[in-house]
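First the structure, in the form of structure tokens, and then the observations on it.
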Amino acid sequence: MLRWAVSLALVVVLIGAGQAGASIQIFFGEDAVGGDPSMPRDHANAARDNFLASLGMSWTEGFDDASDPTPFVKELGDVTATLSSTNSLYPISIASGASSNRFPISGDQYVTSRVTSQTGGLMISFTDSTGADSWQTAVGFFATDVDAYKYESDTMILSLLDGGPSTVATFDMPQTLIPSARDGSVFFFGVIVDPGMQFNAIRFGNDTIGSQYDVWGLDDLTLGTPGVVPEPGSLMVWIFLGLTWAGWRWYRR
Ligand SMILES: [Ca+2]
Ligand SMILES: [Ca+2]
């Protein structure tokens, strides 16, 4: 019976993957590490690993050779990512090493910015080699010290934009740590959307009220191409193979 259960579990996973591929896939993991880059980041790393495994090809920018011009321009594969601040009072910058509970995920450098509202913070736009819009369906990143002054109701918001003022989708980061543990914490967030929801820019905001704000760290920004989602036909093949394998194992006992 155990072998049958294992086989059926495999089938359920494949069905779930097929359904998720028809809409939005979210990858999230967070760890309370108190601003210490040497602490294990098991949940965040697992989310990153699952995100990467769900992509075809992927490109990650670690900001480790970045100087500090404005705007920041980085190449991820054929995509040019331009980082800018939507709030001129608080430009983005490159930080080195652990500082103020923010820290690098890769190398020694990362991006810091100050988020002041739903639309006031770091924005990243994507273009191709000709300067035309580059349309994306997957983005992921590590964030440190997203605590918005530890107010429990405050949450980072990621908006997927399609040019101009339009918003394709908005996601509240699903942080579950208590506010005091968010200070110096780390999380990974990744999202894969349908081609019909493609975006050419992302914007980081939060739902702070009034003059409140949050300074946070961004590292290992990742773009990618869609992975292979099981089609209904291939799904039936997997079900058939799974049941056949389970039956064969049962026969061999
Ligand atoms: Ca880095
Ligand atoms: Ca912070």
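Each chain in the structure tokens gets a letter, A, B, ..., in the order shown, and its residues are numbered from 1; ligands are numbered from 1 in order too.
Non-sequential neighbours of A:Thr130 (distance at most 12 Å, separation of 2 or more positions within a chain, only C-alpha atoms) are Asp78, Val79, Thr80, Phe126, Thr127, Asp128, Ala132, Asp133 and Ser134 of chain A.
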As number ranges by chain, please: every protein or nucleic acid residue near ligand 2 (cut-off 10 Å, counting only C-alpha atoms and all ligand atoms). A: 100-102, 112-115, 143-150, 182-185, 213-217
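Around ligand 1, using only C-alpha atoms and all ligand atoms and a cut-off of 8 Å, the residues in contact are A:Glu61, A:Gly62, A:Phe63, A:Asp64, A:Pro104, A:Ile105, A:Ser106, A:Gly107, A:Asp108, A:Gln109, A:Tyr110, A:Asp219, A:Asp220.
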Which residues are near A:Ser23? Cut-off 10 Å, only C-alpha atoms, ignore same chain within fewer than 6 positions. Put them as a PyMOL selection string. chain A and resi 192-197
Filtering to C-alpha atoms, could you give me those residues as an mmCIF file, in the first residue's frame?
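Wrote it out as result_30.cif, contents follow:
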data_model
loop_
_atom_site.group_PDB
_atom_site.id
_atom_site.type_symbol
_atom_site.label_atom_id
_atom_site.label_comp_id
_atom_site.auth_asym_id
_atom_site.auth_seq_id
_atom_site.Cartn_x
_atom_site.Cartn_y
_atom_site.Cartn_z
ATOM 1 C CA ILE A 192 6.052 33.067 -12.569
ATOM 2 C CA VAL A 193 3.027 34.344 -14.475
ATOM 3 C CA ASP A 194 1.185 33.381 -17.648
ATOM 4 C CA PRO A 195 2.386 34.925 -20.931
ATOM 5 C CA GLY A 196 -0.831 36.948 -20.859
ATOM 6 C CA MET A 197 0.447 38.701 -17.728
#
Do a neighbour search on A:Met39 at 12 Å with only C-alpha atoms, toss out local chain neighbours closer than 4 positions, and write the hits as a PyMOL selection string. chain A and resi 31-35+43-45+103+105+184-186
Go ahead and save the picked residues with N, CA and C atoms, as a PDB file, in the first residue's frame.
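Ended up saving to part.pdb:
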ATOM      1  N   ASP A  31      13.612  33.506   6.624  1.00  0.00           N
ATOM      2  CA  ASP A  31      14.365  33.032   7.783  1.00  0.00           C
ATOM      3  C   ASP A  31      14.688  34.204   8.693  1.00  0.00           C
ATOM      4  N   ALA A  32      14.509  33.994  10.003  1.00  0.00           N
ATOM      5  CA  ALA A  32      14.864  35.002  11.002  1.00  0.00           C
ATOM      6  C   ALA A  32      16.328  34.806  11.374  1.00  0.00           C
ATOM      7  N   VAL A  33      17.197  35.636  10.821  1.00  0.00           N
ATOM      8  CA  VAL A  33      18.631  35.450  11.032  1.00  0.00           C
ATOM      9  C   VAL A  33      19.267  36.630  11.756  1.00  0.00           C
ATOM     10  N   GLY A  34      18.460  37.598  12.148  1.00  0.00           N
ATOM     11  CA  GLY A  34      18.975  38.706  12.955  1.00  0.00           C
ATOM     12  C   GLY A  34      20.086  39.508  12.303  1.00  0.00           C
ATOM     13  N   GLY A  35      20.069  39.616  11.001  1.00  0.00           N
ATOM     14  CA  GLY A  35      21.085  40.414  10.303  1.00  0.00           C
ATOM     15  C   GLY A  35      22.428  39.727  10.177  1.00  0.00           C
ATOM     16  N   HIS A  43      14.938  28.170   4.530  1.00  0.00           N
ATOM     17  CA  HIS A  43      13.637  28.390   3.883  1.00  0.00           C
ATOM     18  C   HIS A  43      13.778  29.259   2.632  1.00  0.00           C
ATOM     19  N   ALA A  44      14.548  30.335   2.765  1.00  0.00           N
ATOM     20  CA  ALA A  44      14.741  31.233   1.624  1.00  0.00           C
ATOM     21  C   ALA A  44      15.464  30.505   0.500  1.00  0.00           C
ATOM     22  N   ASN A  45      16.505  29.748   0.844  1.00  0.00           N
ATOM     23  CA  ASN A  45      17.253  29.030  -0.187  1.00  0.00           C
ATOM     24  C   ASN A  45      16.399  27.965  -0.863  1.00  0.00           C
ATOM     25  N   PHE A 103      22.369  42.640   4.537  1.00  0.00           N
ATOM     26  CA  PHE A 103      23.604  41.927   4.222  1.00  0.00           C
ATOM     27  C   PHE A 103      23.524  41.312   2.831  1.00  0.00           C
ATOM     28  N   ILE A 105      23.661  38.433  -0.075  1.00  0.00           N
ATOM     29  CA  ILE A 105      23.374  37.005  -0.246  1.00  0.00           C
ATOM     30  C   ILE A 105      24.514  36.366  -1.031  1.00  0.00           C
ATOM     31  N   GLY A 184      16.244  42.416  10.376  1.00  0.00           N
ATOM     32  CA  GLY A 184      17.403  41.628  10.006  1.00  0.00           C
ATOM     33  C   GLY A 184      17.091  40.281   9.381  1.00  0.00           C
ATOM     34  N   SER A 185      15.829  40.036   9.052  1.00  0.00           N
ATOM     35  CA  SER A 185      15.463  38.749   8.451  1.00  0.00           C
ATOM     36  C   SER A 185      15.753  38.756   6.955  1.00  0.00           C
ATOM     37  N   VAL A 186      15.610  37.592   6.356  1.00  0.00           N
ATOM     38  CA  VAL A 186      15.834  37.452   4.915  1.00  0.00           C
ATOM     39  C   VAL A 186      14.690  36.633   4.334  1.00  0.00           C
TER      40      VAL A 186
END
Could you pull out the strand (DSSP E) residues of stretch 20-177 of chain A, going by DSSP on the backbone, and write them as a VMD selection string? chain A and resid 24 to 31 55 to 61 72 to 76 79 to 85 93 to 96 109 to 115 122 to 127 138 to 144 156 to 161 167 to 172
Shortest interatomic distance to A:Val168 - which of A:Ala181, A:Thr82, A:Ile202, A:Thr155, counting only C-alpha atoms: A:Ile202
From atom CA of A:Gly29 to atom CA of A:Asp65 the spacing works out at 26.6 Å
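Note that the spacing between atom CA of A:Ser54 and atom CA of A:Thr222 amounts to 12.6 Å.
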I'd like the contact shell of A:Ala169 - 10 Å cut-off, only C-alpha atoms, skipping same-chain residues fewer than 3 positions apart - returned as a PyMOL selection string. chain A and resi 158-162+166+193+197-199+202
Which residues, written as a ChimeraX atom specification, have at least one atom at most 10 Å from A:Pro91, with only C-alpha atoms counted and residues fewer than 4 positions away on the same chain left out? /A:70-71,84-87,112-114,121-122
Give me a file of those residues, with C-alpha atoms, as a short mmCIF file (atom, residue, chain, number, x, y, z; two decimals), in the first residue's frame.
data_model
loop_
_atom_site.label_atom_id
_atom_site.label_comp_id
_atom_site.auth_asym_id
_atom_site.auth_seq_id
_atom_site.Cartn_x
_atom_site.Cartn_y
_atom_site.Cartn_z
CA THR A 70 22.42 56.32 -11.11
CA PRO A 71 20.64 54.68 -12.74
CA SER A 84 15.98 53.59 -10.42
CA SER A 85 14.25 55.15 -7.46
CA THR A 86 10.73 56.42 -7.78
CA ASN A 87 11.46 58.79 -4.90
CA THR A 112 19.79 49.20 -0.68
CA SER A 113 16.81 51.46 -1.12
CA ARG A 114 14.23 53.20 0.98
CA GLY A 121 10.78 52.96 -3.81
CA LEU A 122 12.96 50.88 -6.09
#
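Atom pair atom CA of A:Thr176 / atom CA of A:Asp36 has a distance of 19.2 Å (rounded to one decimal).
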Looking only at helix (DSSP H, G or I) from DSSP on the backbone, list the matching residues of stretch 161-236 of chain A as a ChimeraX atom specification. /A:179-182,195-197,232-236
Could you write those residues out with C-alpha atoms, as a PDB file, in the first residue's frame?
ATOM      1  CA  PRO A 179       7.512  42.035  13.626  1.00  0.00           C
ATOM      2  CA  SER A 180      10.496  41.854  15.983  1.00  0.00           C
ATOM      3  CA  ALA A 181      11.919  38.892  14.045  1.00  0.00           C
ATOM      4  CA  ARG A 182      11.608  40.689  10.712  1.00  0.00           C
ATOM      5  CA  PRO A 195       2.386  34.925 -20.931  1.00  0.00           C
ATOM      6  CA  GLY A 196      -0.831  36.948 -20.859  1.00  0.00           C
ATOM      7  CA  MET A 197       0.447  38.701 -17.728  1.00  0.00           C
ATOM      8  CA  PRO A 232      -2.837  17.140 -20.180  1.00  0.00           C
ATOM      9  CA  GLY A 233      -1.658  14.495 -22.670  1.00  0.00           C
ATOM     10  CA  SER A 234       1.754  14.079 -21.073  1.00  0.00           C
ATOM     11  CA  LEU A 235       0.101  14.177 -17.649  1.00  0.00           C
ATOM     12  CA  MET A 236      -1.914  11.083 -18.582  1.00  0.00           C
TER      13      MET A 236
END
